[in-house]
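Visitor: Starting off with a structure, shown below.
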Amino acid sequence: MTTDSRTNSSKSGGSGWAADRMADQRGRTFVVTGATSGLGLVTARELASHGGRVLLAVRDAARGEGVASSLRHAYPGAEVEVRRVDLLDLDSIRRAAEEIAREESVDVLVNNAGISMVEHAVTAQGAERHFAANHLGHFALTALLEPALRRSPAPRVVTVTSYMHEKGELDLDDVAWSRKYTPIAAYSASKLANAVFGVELARREESASSPITSVLAHPGYSNTPMQSKGTGLIGIAMRVSGMLFAQSQEMGALPQLFAATEPGLVGGSYIGPDGRGGRSGHPQPGQLSAAAQDPELGRRLWERSQQLTGIRWQSTDV
């Protein structure tokens, strides 16, 4: 897989693609993490409205049931179900994956959920929370769902990253961030981990002659509930900036919807908004940072992630 192939995509990208151009998704099963608000909720809604069977993989099951009920009401006949998963809890991830794996197949996994701008804390595995929730949880869930994905005729994994990955730095020897910690640096590092994972998964699936296609997406600068998560002056600035300058979450969800449903995408494709700086607009292929495409960093992140989660990907070890 070359850098050029990572940016290849359907010609419809960058030409005003919107959700109403999505093909009928009947007969396909989607798993969407973080589907109770923001980009995940928009993604689940659009997939359900186009006939897809959608499993809401969410931490708060009661809230998830409320979302599922509202989607069934809005779209009579929609198949929407809830699967509880806490991406900071490996036992929860294992239970959810076992439940989901009983499905005949999973056609698309959208690794959308994320946290941002939280205070420093470390999980039982010794990882800082941004890295643990945004990357390690999805790494584990994807690995455990791989058999269900392989039962699909055209399986796909969508990893949602951010343009902030370009500013991220990964110190795999200090995943606990035991030295200087800032929320924005930790968030950016976790988004770089998402990007590196998506590319490394594409490389390994290709090397293993797997049917799974790994693609990446980023929402640009979108006004989602994440904008209200910061504290202090940073939190105020984020909320004001989100209201004044960010695009809607409906627009922000388009790249991951495109990545999840558009035929013909190749492994490693990176989809984001087509506006200036990739901050807003309609989906089009983008360019990942050099760090995201670094095969040695990909190998090291993969091994470190397996060590921290205790989960190995036998079928994609190369």
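Following the order of the structure tokens, first chain is A, next is B, and so on, with residues numbered from 1 inside each chain and ligands from 1 in the order they appear.
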Give me, as a PyMOL selection string, the residues of segment 107-293 of chain A that a backbone DSSP run labels alpha helix (DSSP H).
Guide: chain A and resi 129-130+137-150+183-207+232-245+249-252+254-261
Visitor: Using the chain letters and numbers from this document, which residues of segment 94-278 of chain A does DSSP assign to strand (DSSP E), as a list in words?
Guide: Val108, Leu109, Val110, Asn111, Arg156, Val157, Val158, Thr159, Val160, Thr213, Ser214, Val215, Leu216, Ala217, Tyr270, Ile271, Gly272 and Pro273 of chain A
Visitor: Would you tabulate, counting only C-alpha atoms, all residues of segment 57-120 of chain A that have an atom at most 12 Å from an atom of segment 205-213 of chain A, showing the closest pair of atoms and their distance in Å to one decimal, sorted by chain then ascending number, as a Markdown table?
Guide:
| residue | atom | partner | partner_atom | distance |
| --- | --- | --- | --- | --- |
| A:Val106 | CA | A:Ile212 | CA | 10.8 |
| A:Asp107 | CA | A:Ile212 | CA | 9.3 |
| A:Val108 | CA | A:Ile212 | CA | 9.3 |
| A:Leu109 | CA | A:Ile212 | CA | 10.5 |
Visitor: Mind dumping the selected residues with all heavy atoms as an mmCIF file, in the first residue's frame?
Guide:
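What ended up in out06.cif:
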data_model
loop_
_atom_site.group_PDB
_atom_site.id
_atom_site.type_symbol
_atom_site.label_atom_id
_atom_site.label_comp_id
_atom_site.auth_asym_id
_atom_site.auth_seq_id
_atom_site.Cartn_x
_atom_site.Cartn_y
_atom_site.Cartn_z
ATOM 1 N N VAL A 106 -20.807 -8.258 10.966
ATOM 2 C CA VAL A 106 -20.775 -6.801 11.088
ATOM 3 C C VAL A 106 -20.165 -6.276 9.802
ATOM 4 O O VAL A 106 -19.056 -6.668 9.421
ATOM 5 C CB VAL A 106 -19.942 -6.343 12.304
ATOM 6 C CG1 VAL A 106 -19.746 -4.828 12.286
ATOM 7 C CG2 VAL A 106 -20.622 -6.767 13.607
ATOM 8 N N ASP A 107 -20.888 -5.432 9.116
ATOM 9 C CA ASP A 107 -20.395 -4.910 7.837
ATOM 10 C C ASP A 107 -19.468 -3.714 8.017
ATOM 11 O O ASP A 107 -18.458 -3.603 7.321
ATOM 12 C CB ASP A 107 -21.581 -4.530 6.939
ATOM 13 C CG ASP A 107 -22.420 -5.734 6.580
ATOM 14 O OD1 ASP A 107 -21.969 -6.550 5.759
ATOM 15 O OD2 ASP A 107 -23.526 -5.882 7.144
ATOM 16 N N VAL A 108 -19.825 -2.825 8.946
ATOM 17 C CA VAL A 108 -19.018 -1.619 9.153
ATOM 18 C C VAL A 108 -18.942 -1.299 10.641
ATOM 19 O O VAL A 108 -19.979 -1.253 11.321
ATOM 20 C CB VAL A 108 -19.597 -0.398 8.399
ATOM 21 C CG1 VAL A 108 -18.691 0.828 8.589
ATOM 22 C CG2 VAL A 108 -19.764 -0.687 6.912
ATOM 23 N N LEU A 109 -17.741 -1.081 11.119
ATOM 24 C CA LEU A 109 -17.509 -0.600 12.480
ATOM 25 C C LEU A 109 -17.029 0.839 12.383
ATOM 26 O O LEU A 109 -16.020 1.109 11.722
ATOM 27 C CB LEU A 109 -16.461 -1.462 13.179
ATOM 28 C CG LEU A 109 -15.902 -0.935 14.506
ATOM 29 C CD1 LEU A 109 -17.000 -0.793 15.553
ATOM 30 C CD2 LEU A 109 -14.780 -1.837 15.008
#
Visitor: Determine, for each residue of segment 46-130 of chain A having at least one atom at most 12 Å from an atom of segment 147-154 of chain A, the closest pair of atoms and their separation in Å to one decimal, counting only C-alpha atoms; order by chain and ascending number, as a Markdown table.
Guide:
| residue | atom | partner | partner_atom | distance |
| --- | --- | --- | --- | --- |
| A:Ala97 | CA | A:Ala148 | CA | 9.2 |
| A:Glu98 | CA | A:Ala148 | CA | 9.8 |
| A:Glu99 | CA | A:Ala148 | CA | 10.7 |
| A:Ile100 | CA | A:Ala148 | CA | 8.0 |
| A:Ala101 | CA | A:Ala148 | CA | 5.4 |
| A:Arg102 | CA | A:Ala148 | CA | 7.9 |
| A:Glu103 | CA | A:Ala148 | CA | 7.2 |
| A:Glu104 | CA | A:Ala148 | CA | 7.1 |
| A:Ser105 | CA | A:Ala148 | CA | 4.8 |
| A:Val106 | CA | A:Leu149 | CA | 4.8 |
| A:Asp107 | CA | A:Ser152 | CA | 5.3 |
| A:Val108 | CA | A:Leu149 | CA | 7.3 |
| A:Leu109 | CA | A:Leu149 | CA | 8.1 |
| A:Val110 | CA | A:Leu149 | CA | 11.8 |
Visitor: Would you export the selected residues with N, CA, C and O atoms as a PDB file, in the first residue's frame, please?
Guide:
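As written to disk, again-v5.pdb reads:
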ATOM      1  N   ALA A  97     -18.247  -7.042  22.799  1.00  0.00           N
ATOM      2  CA  ALA A  97     -17.784  -7.698  21.580  1.00  0.00           C
ATOM      3  C   ALA A  97     -18.356  -9.113  21.466  1.00  0.00           C
ATOM      4  O   ALA A  97     -18.742  -9.547  20.378  1.00  0.00           O
ATOM      5  N   GLU A  98     -18.412  -9.820  22.585  1.00  0.00           N
ATOM      6  CA  GLU A  98     -18.992 -11.165  22.565  1.00  0.00           C
ATOM      7  C   GLU A  98     -20.460 -11.118  22.165  1.00  0.00           C
ATOM      8  O   GLU A  98     -20.937 -11.959  21.396  1.00  0.00           O
ATOM      9  N   GLU A  99     -21.179 -10.130  22.682  1.00  0.00           N
ATOM     10  CA  GLU A  99     -22.595  -9.999  22.345  1.00  0.00           C
ATOM     11  C   GLU A  99     -22.778  -9.645  20.874  1.00  0.00           C
ATOM     12  O   GLU A  99     -23.607 -10.235  20.172  1.00  0.00           O
ATOM     13  N   ILE A 100     -21.982  -8.681  20.407  1.00  0.00           N
ATOM     14  CA  ILE A 100     -22.098  -8.261  19.011  1.00  0.00           C
ATOM     15  C   ILE A 100     -21.664  -9.380  18.072  1.00  0.00           C
ATOM     16  O   ILE A 100     -22.245  -9.575  16.993  1.00  0.00           O
ATOM     17  N   ALA A 101     -20.639 -10.135  18.477  1.00  0.00           N
ATOM     18  CA  ALA A 101     -20.102 -11.188  17.613  1.00  0.00           C
ATOM     19  C   ALA A 101     -21.094 -12.312  17.376  1.00  0.00           C
ATOM     20  O   ALA A 101     -20.904 -13.131  16.478  1.00  0.00           O
ATOM     21  N   ARG A 102     -22.173 -12.361  18.174  1.00  0.00           N
ATOM     22  CA  ARG A 102     -23.210 -13.359  17.909  1.00  0.00           C
ATOM     23  C   ARG A 102     -24.007 -13.016  16.651  1.00  0.00           C
ATOM     24  O   ARG A 102     -24.763 -13.856  16.145  1.00  0.00           O
ATOM     25  N   GLU A 103     -23.880 -11.752  16.193  1.00  0.00           N
ATOM     26  CA  GLU A 103     -24.551 -11.376  14.947  1.00  0.00           C
ATOM     27  C   GLU A 103     -23.968 -12.205  13.798  1.00  0.00           C
ATOM     28  O   GLU A 103     -22.835 -12.693  13.862  1.00  0.00           O
ATOM     29  N   GLU A 104     -24.747 -12.358  12.775  1.00  0.00           N
ATOM     30  CA  GLU A 104     -24.250 -13.106  11.616  1.00  0.00           C
ATOM     31  C   GLU A 104     -22.982 -12.466  11.069  1.00  0.00           C
ATOM     32  O   GLU A 104     -22.020 -13.143  10.715  1.00  0.00           O
ATOM     33  N   SER A 105     -22.978 -11.130  11.008  1.00  0.00           N
ATOM     34  CA  SER A 105     -21.797 -10.404  10.563  1.00  0.00           C
ATOM     35  C   SER A 105     -21.935  -8.941  10.955  1.00  0.00           C
ATOM     36  O   SER A 105     -23.024  -8.454  11.255  1.00  0.00           O
ATOM     37  N   VAL A 106     -20.807  -8.258  10.966  1.00  0.00           N
ATOM     38  CA  VAL A 106     -20.775  -6.801  11.088  1.00  0.00           C
ATOM     39  C   VAL A 106     -20.165  -6.276   9.802  1.00  0.00           C
ATOM     40  O   VAL A 106     -19.056  -6.668   9.421  1.00  0.00           O
ATOM     41  N   ASP A 107     -20.888  -5.432   9.116  1.00  0.00           N
ATOM     42  CA  ASP A 107     -20.395  -4.910   7.837  1.00  0.00           C
ATOM     43  C   ASP A 107     -19.468  -3.714   8.017  1.00  0.00           C
ATOM     44  O   ASP A 107     -18.458  -3.603   7.321  1.00  0.00           O
ATOM     45  N   VAL A 108     -19.825  -2.825   8.946  1.00  0.00           N
ATOM     46  CA  VAL A 108     -19.018  -1.619   9.153  1.00  0.00           C
ATOM     47  C   VAL A 108     -18.942  -1.299  10.641  1.00  0.00           C
ATOM     48  O   VAL A 108     -19.979  -1.253  11.321  1.00  0.00           O
ATOM     49  N   LEU A 109     -17.741  -1.081  11.119  1.00  0.00           N
ATOM     50  CA  LEU A 109     -17.509  -0.600  12.480  1.00  0.00           C
ATOM     51  C   LEU A 109     -17.029   0.839  12.383  1.00  0.00           C
ATOM     52  O   LEU A 109     -16.020   1.109  11.722  1.00  0.00           O
ATOM     53  N   VAL A 110     -17.766   1.755  13.007  1.00  0.00           N
ATOM     54  CA  VAL A 110     -17.377   3.167  13.012  1.00  0.00           C
ATOM     55  C   VAL A 110     -16.848   3.505  14.404  1.00  0.00           C
ATOM     56  O   VAL A 110     -17.613   3.641  15.358  1.00  0.00           O
TER      57      VAL A 110
END
Visitor: So, counting only C-alpha atoms, which residue among A:Leu257, A:Trp313, A:Arg63, A:Pro219 is closest to Arg279 of chain A?
Guide: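 Of A:Leu257, A:Trp313, A:Arg63, A:Pro219, the one nearest Arg279 of chain A, counting only C-alpha atoms, is A:Pro219.
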Visitor: From the options A:Asp274, A:Glu262, A:Asp60, A:Asp171, which residue's atoms come nearest to Tyr221 of chain A, counting only C-alpha atoms?
Guide: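 Looking only at the distances to Tyr221 of chain A, the closest residue turns out to be A:Asp274.
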Visitor: Name all residues at most 9 Å from Ala35 of chain A (count only C-alpha atoms; drop same-chain ones fewer than 6 positions away) and give them as a ChimeraX atom specification.
Guide: /A:41-45,55-58,64,67,112-113
Visitor: Quick one: residues within 12 Å of Leu254 of chain A, only C-alpha atoms counted, chain neighbours fewer than 5 positions away excluded, as a PyMOL selection string?
Guide: chain A and resi 13-14+16-22+39-40+42-47+160+217-220+222+247-249+259-262+271-274+280-284
Visitor: Which value, in Å to one decimal, gives the distance between atom CA of Arg59 of chain A and atom CA of Lys167 of chain A?
Guide: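 Computed distance, atom CA of Arg59 of chain A to atom CA of Lys167 of chain A, equals 28.5 Å.
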